[in-house]
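Asker: My structure is below; once you've seen it, I'll send some questions.
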Amino acid sequence: MDARHFVQFELADRLKEEKFLREISLVGAADEREHKELTVLRCFERIGFYVDKGFIDPDVVYVVASGRVQVAWHALKDVVAVHRSIAGGLIWFNFEQLYKGCLQWMREHDIRVDDWVARMFPHDAKESVR
């Protein structure tokens, strides 16, 4: 929960710090006590992998975590971009697929992305469910 709170409420400001931004380029080698975003990235990457391989029923994840996945993906997009520029386009692939799966599920169930997400990430509004 601490890592999710960090990503949701502190990461945007931390990304403005030169030292923090430099450390992001270390990808997985950054200090997780300082880079709590790694915990969230790894968690959703693992869940996305489990969904992809059929170890977890996608609908269960989509019902329980679609909102959290949406918020986390939007908050972490800049970090993912840095990591991909260094490690290649497949890093965090399962997390991205999880995000897309949740988005599709929300569309199919006529669920709009929470207005709070749209307010928090206005530059991503074009990706909203409706």
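Within each chain, counting starts at residue 1; across the structure tokens, chains are named A, B, ... in the order shown, with ligands numbered 1 upward in that order.
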Where does stretch 58-111 of chain A meet stretch 1-4 of chain A within 10 Å, residue by residue, with the nearest atom pair and distance in Å to one decimal for each, counting only C-alpha atoms, listed by chain and rising number, as CSV?

Answerer:
```
residue,atom,partner,partner_atom,distance
A:Arg68,CA,A:Arg4,CA,8.8
A:Val71,CA,A:Arg4,CA,9.5
A:Ala72,CA,A:Arg4,CA,7.6
```

Asker: Need to verify the contact set: A:Ala30, 12 Å, only C-alpha atoms, exclusion of same-chain residues closer than 4 positions in sequence. Can you return it as a list in words?

Answerer: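 After dropping sequence-adjacent residues, the list is Lys19, Phe20, Leu21, Arg22, Glu23, Ile24, Ser25, Leu26, Glu34, His35, Lys36, Glu37, Leu38, Thr39 and His83 of chain A.
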
Asker: Based on the selection just made, write N, CA and C atoms of those residues as a CSV table (one decimal), in the first residue's frame.

Answerer:
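Listing of again-v3.csv after writing:
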```csv
chain,number,residue,atom,x,y,z
A,19,LYS,N,18.1,14.1,-9.5
A,19,LYS,CA,18.8,12.8,-9.0
A,19,LYS,C,17.8,11.6,-9.1
A,20,PHE,N,16.6,11.8,-8.8
A,20,PHE,CA,15.6,10.8,-8.8
A,20,PHE,C,15.4,10.3,-10.3
A,21,LEU,N,15.3,11.2,-11.2
A,21,LEU,CA,15.1,10.9,-12.6
A,21,LEU,C,16.3,10.1,-13.1
A,22,ARG,N,17.5,10.5,-12.7
A,22,ARG,CA,18.8,9.8,-13.1
A,22,ARG,C,18.7,8.4,-12.6
A,23,GLU,N,18.3,8.2,-11.4
A,23,GLU,CA,18.3,6.9,-10.8
A,23,GLU,C,17.2,6.0,-11.5
A,24,ILE,N,16.2,6.5,-12.1
A,24,ILE,CA,15.2,5.7,-12.8
A,24,ILE,C,15.9,5.0,-13.9
A,25,SER,N,16.9,5.6,-14.5
A,25,SER,CA,17.6,5.0,-15.7
A,25,SER,C,18.4,3.7,-15.2
A,26,LEU,N,18.5,3.5,-13.9
A,26,LEU,CA,19.1,2.3,-13.4
A,26,LEU,C,18.2,1.1,-13.6
A,34,GLU,N,13.9,3.9,-2.0
A,34,GLU,CA,13.7,5.3,-2.6
A,34,GLU,C,12.8,5.2,-3.8
A,35,HIS,N,12.9,4.1,-4.6
A,35,HIS,CA,12.1,4.0,-5.8
A,35,HIS,C,11.0,3.0,-5.6
A,36,LYS,N,10.0,3.4,-4.9
A,36,LYS,CA,8.9,2.5,-4.6
A,36,LYS,C,8.1,2.2,-5.8
A,37,GLU,N,8.2,2.9,-6.9
A,37,GLU,CA,7.5,2.6,-8.1
A,37,GLU,C,7.9,1.3,-8.6
A,38,LEU,N,9.1,0.8,-8.3
A,38,LEU,CA,9.5,-0.5,-8.8
A,38,LEU,C,8.7,-1.6,-8.2
A,39,THR,N,8.3,-1.5,-6.9
A,39,THR,CA,7.4,-2.4,-6.3
A,39,THR,C,6.1,-2.6,-7.0
A,83,HIS,N,12.5,3.4,-18.8
A,83,HIS,CA,13.0,2.0,-18.7
A,83,HIS,C,13.0,1.4,-20.1
```

Asker: Distance table requested - stretch 68-109 of chain A against stretch 40-61 of chain A, cut-off 6 Å, only C-alpha atoms: one row per qualifying residue with the closest atom pair and its distance in Å to one decimal, ordered by chain and rising residue number, as a Markdown table.

Answerer:
```
| residue | atom | partner | partner_atom | distance |
| --- | --- | --- | --- | --- |
| A:Trp92 | CA | A:Glu45 | CA | 5.9 |
| A:Asn94 | CA | A:Gly48 | CA | 4.6 |
| A:Phe95 | CA | A:Glu45 | CA | 4.3 |
| A:Leu98 | CA | A:Gly48 | CA | 4.9 |
```

Asker: Take the selection from the previous step and output its residues with C-alpha atoms, as a tab-separated table (two decimals), in the first residue's frame.

Answerer:
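Dumped to out30.tsv:
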```
chain	number	residue	atom	x	y	z
A	92	TRP	CA	6.72	-4.02	-18.37
A	94	ASN	CA	2.66	-7.74	-19.11
A	95	PHE	CA	1.67	-4.71	-17.05
A	98	LEU	CA	-3.02	-5.92	-18.08
```

Asker: Find the residue from A:Tyr62, A:Arg14, A:His5, A:Gly28 that sits nearest to A:Trp105; use only C-alpha atoms when measuring.

Answerer: A:Tyr62

Asker: Calculated over only C-alpha atoms, which of the candidates A:Val69, A:Arg84, A:Val63, A:Ala75 has the smallest distance to A:Leu15?

Answerer: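 Distance minimum relative to A:Leu15 lands on A:Ala75.
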
Asker: Quick one, how far is atom CA of A:Asp31 from atom CA of A:Ser66?

Answerer: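 Value for the atom CA of A:Asp31-atom CA of A:Ser66 distance: 28.1 Å.
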
Asker: Atom CA of A:Val7 to atom CA of A:Asp78: how many Å, to one decimal?

Answerer: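 Taking atom CA of A:Val7 as the start and atom CA of A:Asp78 as the end point, the length is 11.6 Å.
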